[in-house]
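**Q** My questions will all concern the structure given below.
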Amino acid sequence: LNEPLNVAEVIERAAATVEPNVWCYFEGGAGDEVTLRSNVAAFRRWLLRPRMLVDVAEVSTATTVLGTPVSMPLGIAPFALQRLLDPEAERAISRASSAAGALMTVPTLTSYTHGELNAAAQGPRWLQLYVQRDRQLTLDHLAEVREAGYGAVVLTVDLPYVGRRERDLRLGFAVPADLRLHYGTLVDVAPDLTWRDLEWVRDATELPLVLKGILTHEDATLAVDHGADAVWVSNHGGRQLDGVAASLDALPEVVEAVGGRCEVYVDGGFRRGTDVLKALALGARAAFAARAVAAGLAVGGEAGVAHVLELFRGEIELGLALLGCTSPDQVSRSHVEPTVPYDPPA
Ligand SMILES: Cc1cc2nc3c(=O)[nH]c(=O)nc-3n(C[C@H](O)[C@H](O)[C@H](O)COP(=O)(O)O)c2cc1C
């Protein structure tokens, strides 16, 4: 009876469990947190349009991302400093996501090495990359990743500098000096990365390249023109530039610009299976969640993450059936409509 029934309840519990001067880092956003709130609110601006009298006796949530089979169209977004929530950190998430067949994105700022993570579990895994000022560190990082079972490199492009997160400042959050991070730090992220560097990243790895942090059709077009294998719509969970569009609202213009030339993903504010269905209807191949998973980790370690993933999977499955779809592929633009008249960007 005490099990959290949904992701919002898991998040509530995490907020009540973790020290405030630590949880602020996971929960908070930049500036006035307008974008942080907007990410969640955006889902309310779209209504589902279910179809009736469809045979939904057999429903599967399984899909693929960049050709890799996954159990559902909801993966784990990269988030740093997991060890502050649980000693097993990225290892706990790796085990839980592998058991669930869900995709995990391992952050550059991980407390376990790629070798340790590969030894812990071998489920579908992508690497999130922050290019460091010292490019050699990034080359070494990518070399180490070669044997570690990753399916793609997710290059984060929306953090030339860290956004100003006032909750952290108010509560005095600081990364503990003894927290080991193997592959870089936030303060050393390269602020001078440009489109021209993409070629350099491509040369340094054989893995497909995903660009994370795209919010405009202009950049979506540039991404495809520069050979990105996928585009990941994100505002970094409202933690970077405050006042940008909710991810879900930026998704349609990116999908249109990409025009089917590569897969499009989205993250920001996902708490419900129906949130994921709305993203699929608007053209995303898959959605990702960070804070929902962080909350699961904080509340119950590996089991807490497993619980959050199962909440999402179960809600996606039921949602598909009630929408009149038997698989994620069947969700189309006709399955959503805006609650208010919607003017697509020109
Ligand atoms: C605590 C925290 C740390 C994060 N660290 C990273 C990171 O190291 N690299 C990255 O690309 N994105 C990072 N993100 C952004 C997430 O990958 C993702 O874009 C965003 O949080 C999704 O929104 P959600 O938290 O509402 O699910 C972080 C997000 C949070 C909440």
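Every chain in the structure tokens has a letter given in the order shown (A, B, ...), and although residue numbers restart at 1 in each chain, ligands are simply numbered from 1 in the order shown.
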Set the cut-off to 9 Å, count only C-alpha atoms and all ligand atoms, and list whatever residues fall near ligand 1 as an MDAnalysis selection string.

**A** chainID A and resid 23:29 36 39:40 76:82 105:110 128:130 154:159 186 212:213 232:239 247 266:271 288:294

**Q** Would you list the contacts of region 299-307 of chain A as a VMD selection string, taking every protein, DNA or RNA residue within 12 Å and counting only C-alpha atoms, but skipping same-chain residues closer than 5 positions in sequence?

**A** chain A and resid 3 to 7 9 to 18 23 75 to 76 82 to 102 104 120 289 to 294 312 to 314

**Q** Could you tell me which of A:Gly283, A:Pro160, A:Pro344, A:Gly259 comes closest to Gln330 (chain A) if we count only C-alpha atoms?

**A**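 Answer, going by the shortest atom-to-atom distance: A:Gly283.
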
**Q** For each of A:Pro191, A:Gly227, A:Gly123, A:Pro50, take the minimum atom-to-atom distance to Gly319 (chain A), counting only C-alpha atoms, then give the residue where this is smallest.

**A**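 Closest to Gly319 (chain A), using only C-alpha atoms: A:Pro50.
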
**Q** What residues in region 269-336 of chain A get the DSSP label alpha helix (DSSP H)? Please answer as a ChimeraX atom specification.

**A** /A:273-281,291-323

**Q** Only C-alpha atoms, please: the residues just picked out, written as a PDB file, in the first residue's frame.

**A**
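Saved file out_4.pdb follows:
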ATOM      1  CA  GLY A 273       3.392   7.040 -19.957  1.00  0.00           C
ATOM      2  CA  THR A 274       0.911   9.359 -21.633  1.00  0.00           C
ATOM      3  CA  ASP A 275       3.633  12.050 -21.773  1.00  0.00           C
ATOM      4  CA  VAL A 276       5.715   9.610 -23.805  1.00  0.00           C
ATOM      5  CA  LEU A 277       2.772   8.849 -26.104  1.00  0.00           C
ATOM      6  CA  LYS A 278       2.328  12.562 -26.814  1.00  0.00           C
ATOM      7  CA  ALA A 279       6.017  12.852 -27.726  1.00  0.00           C
ATOM      8  CA  LEU A 280       5.724   9.871 -30.081  1.00  0.00           C
ATOM      9  CA  ALA A 281       2.652  11.430 -31.686  1.00  0.00           C
ATOM     10  CA  ARG A 291      14.730  13.479 -12.601  1.00  0.00           C
ATOM     11  CA  ALA A 292      12.184  10.631 -12.476  1.00  0.00           C
ATOM     12  CA  VAL A 293      15.055   8.154 -12.491  1.00  0.00           C
ATOM     13  CA  ALA A 294      17.136  10.202 -10.046  1.00  0.00           C
ATOM     14  CA  ALA A 295      14.197  10.109  -7.647  1.00  0.00           C
ATOM     15  CA  GLY A 296      13.925   6.334  -7.989  1.00  0.00           C
ATOM     16  CA  LEU A 297      17.638   6.009  -7.298  1.00  0.00           C
ATOM     17  CA  ALA A 298      17.370   8.235  -4.231  1.00  0.00           C
ATOM     18  CA  VAL A 299      14.389   6.383  -2.806  1.00  0.00           C
ATOM     19  CA  GLY A 300      15.379   2.797  -3.459  1.00  0.00           C
ATOM     20  CA  GLY A 301      18.696   2.430  -5.281  1.00  0.00           C
ATOM     21  CA  GLU A 302      18.588  -0.212  -8.041  1.00  0.00           C
ATOM     22  CA  ALA A 303      15.094  -1.372  -6.981  1.00  0.00           C
ATOM     23  CA  GLY A 304      13.852   2.208  -6.972  1.00  0.00           C
ATOM     24  CA  VAL A 305      15.071   2.728 -10.545  1.00  0.00           C
ATOM     25  CA  ALA A 306      13.517  -0.594 -11.579  1.00  0.00           C
ATOM     26  CA  HIS A 307      10.230   0.573 -10.065  1.00  0.00           C
ATOM     27  CA  VAL A 308      10.273   3.863 -11.977  1.00  0.00           C
ATOM     28  CA  LEU A 309      11.049   2.082 -15.254  1.00  0.00           C
ATOM     29  CA  GLU A 310       8.221  -0.375 -14.653  1.00  0.00           C
ATOM     30  CA  LEU A 311       5.812   2.474 -13.863  1.00  0.00           C
ATOM     31  CA  PHE A 312       6.685   4.054 -17.229  1.00  0.00           C
ATOM     32  CA  ARG A 313       6.520   0.746 -19.123  1.00  0.00           C
ATOM     33  CA  GLY A 314       3.168  -0.216 -17.622  1.00  0.00           C
ATOM     34  CA  GLU A 315       1.674   3.212 -18.295  1.00  0.00           C
ATOM     35  CA  ILE A 316       2.975   3.222 -21.889  1.00  0.00           C
ATOM     36  CA  GLU A 317       1.508  -0.241 -22.454  1.00  0.00           C
ATOM     37  CA  LEU A 318      -1.917   0.634 -21.069  1.00  0.00           C
ATOM     38  CA  GLY A 319      -1.842   4.010 -22.788  1.00  0.00           C
ATOM     39  CA  LEU A 320      -1.071   2.425 -26.171  1.00  0.00           C
ATOM     40  CA  ALA A 321      -3.967   0.007 -25.764  1.00  0.00           C
ATOM     41  CA  LEU A 322      -6.428   2.711 -24.741  1.00  0.00           C
ATOM     42  CA  LEU A 323      -5.216   4.873 -27.609  1.00  0.00           C
TER      43      LEU A 323
END

**Q** Between A:Val34, A:Val70, A:Ala121, A:Ala8, which residue has the minimum interatomic distance to Pro328 (chain A), considering only C-alpha atoms?

**A**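 Nearest to Pro328 (chain A): A:Val70.
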
**Q** Pull the strand (DSSP E or B) assignments for region 121-224 of chain A out of DSSP run on the backbone, and list those residues as a list in words.

**A**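 After running DSSP on the backbone, region 121-224 of chain A has strand (DSSP E or B) at Arg125, Trp126, Leu127, Gln128, Leu129, Gln132, Val153, Val154, Leu155, Thr156, Val189, Leu209, Val210, Leu211, Lys212, Gly213 and Ile214 of chain A.
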
**Q** Skip Leu47 (chain A) itself and residues of its chain fewer than 3 positions away, then list as a tab-separated table (two decimals) with N, CA and C atoms, in the first residue's frame all residues within 7 Å of it, counting only C-alpha atoms.

**A**
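Output file result_19.tsv is given in full below:
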chain	number	residue	atom	x	y	z
A	336	VAL	N	-2.89	13.15	-31.44
A	336	VAL	CA	-2.90	14.31	-30.54
A	336	VAL	C	-3.50	15.52	-31.23
A	337	GLU	N	-4.03	16.40	-30.41
A	337	GLU	CA	-4.44	17.72	-30.90
A	337	GLU	C	-4.12	18.74	-29.81
A	338	PRO	N	-3.82	19.97	-30.22
A	338	PRO	CA	-3.51	20.98	-29.22
A	338	PRO	C	-4.77	21.41	-28.47
A	339	THR	N	-4.63	21.76	-27.21
A	339	THR	CA	-5.78	22.23	-26.44
A	339	THR	C	-6.17	23.63	-26.86

**Q** Rank A:Glu147, A:Glu19, A:Glu166, A:Glu218 by their smallest atom-to-atom distance to Glu33 (chain A), using only C-alpha atoms, and report the top residue only.

**A**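 Between A:Glu147, A:Glu19, A:Glu166, A:Glu218, the residue approaching Glu33 (chain A) most closely is A:Glu166.
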
**Q** Set the distance at 10 Å and use only C-alpha atoms: which residues neighbour Val255 (chain A) once local chain neighbours fewer than 4 positions away are removed? I'd like the list as a list in words.

**A**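 The residues that qualify are Thr216, His217, Ala220, Thr221, Val231, Val233, Ala250, Leu251, Gly259, Gly260, Arg261, Cys262, Glu263, Val264, Tyr265, Leu282, Gly283 and Ala284 of chain A.
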
**Q** I'd like to know which of A:Val340, A:Arg170, A:Ala204, A:Asp249 is closest to Ala41 (chain A), using only C-alpha atoms.

**A**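 When distances to Ala41 (chain A) are compared using only C-alpha atoms, the smallest one comes from A:Asp249.
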
**Q** Which value, in Å to one decimal, gives the distance between CA of Leu139 (chain A) and CA of Thr185 (chain A)?

**A** 15.0 Å
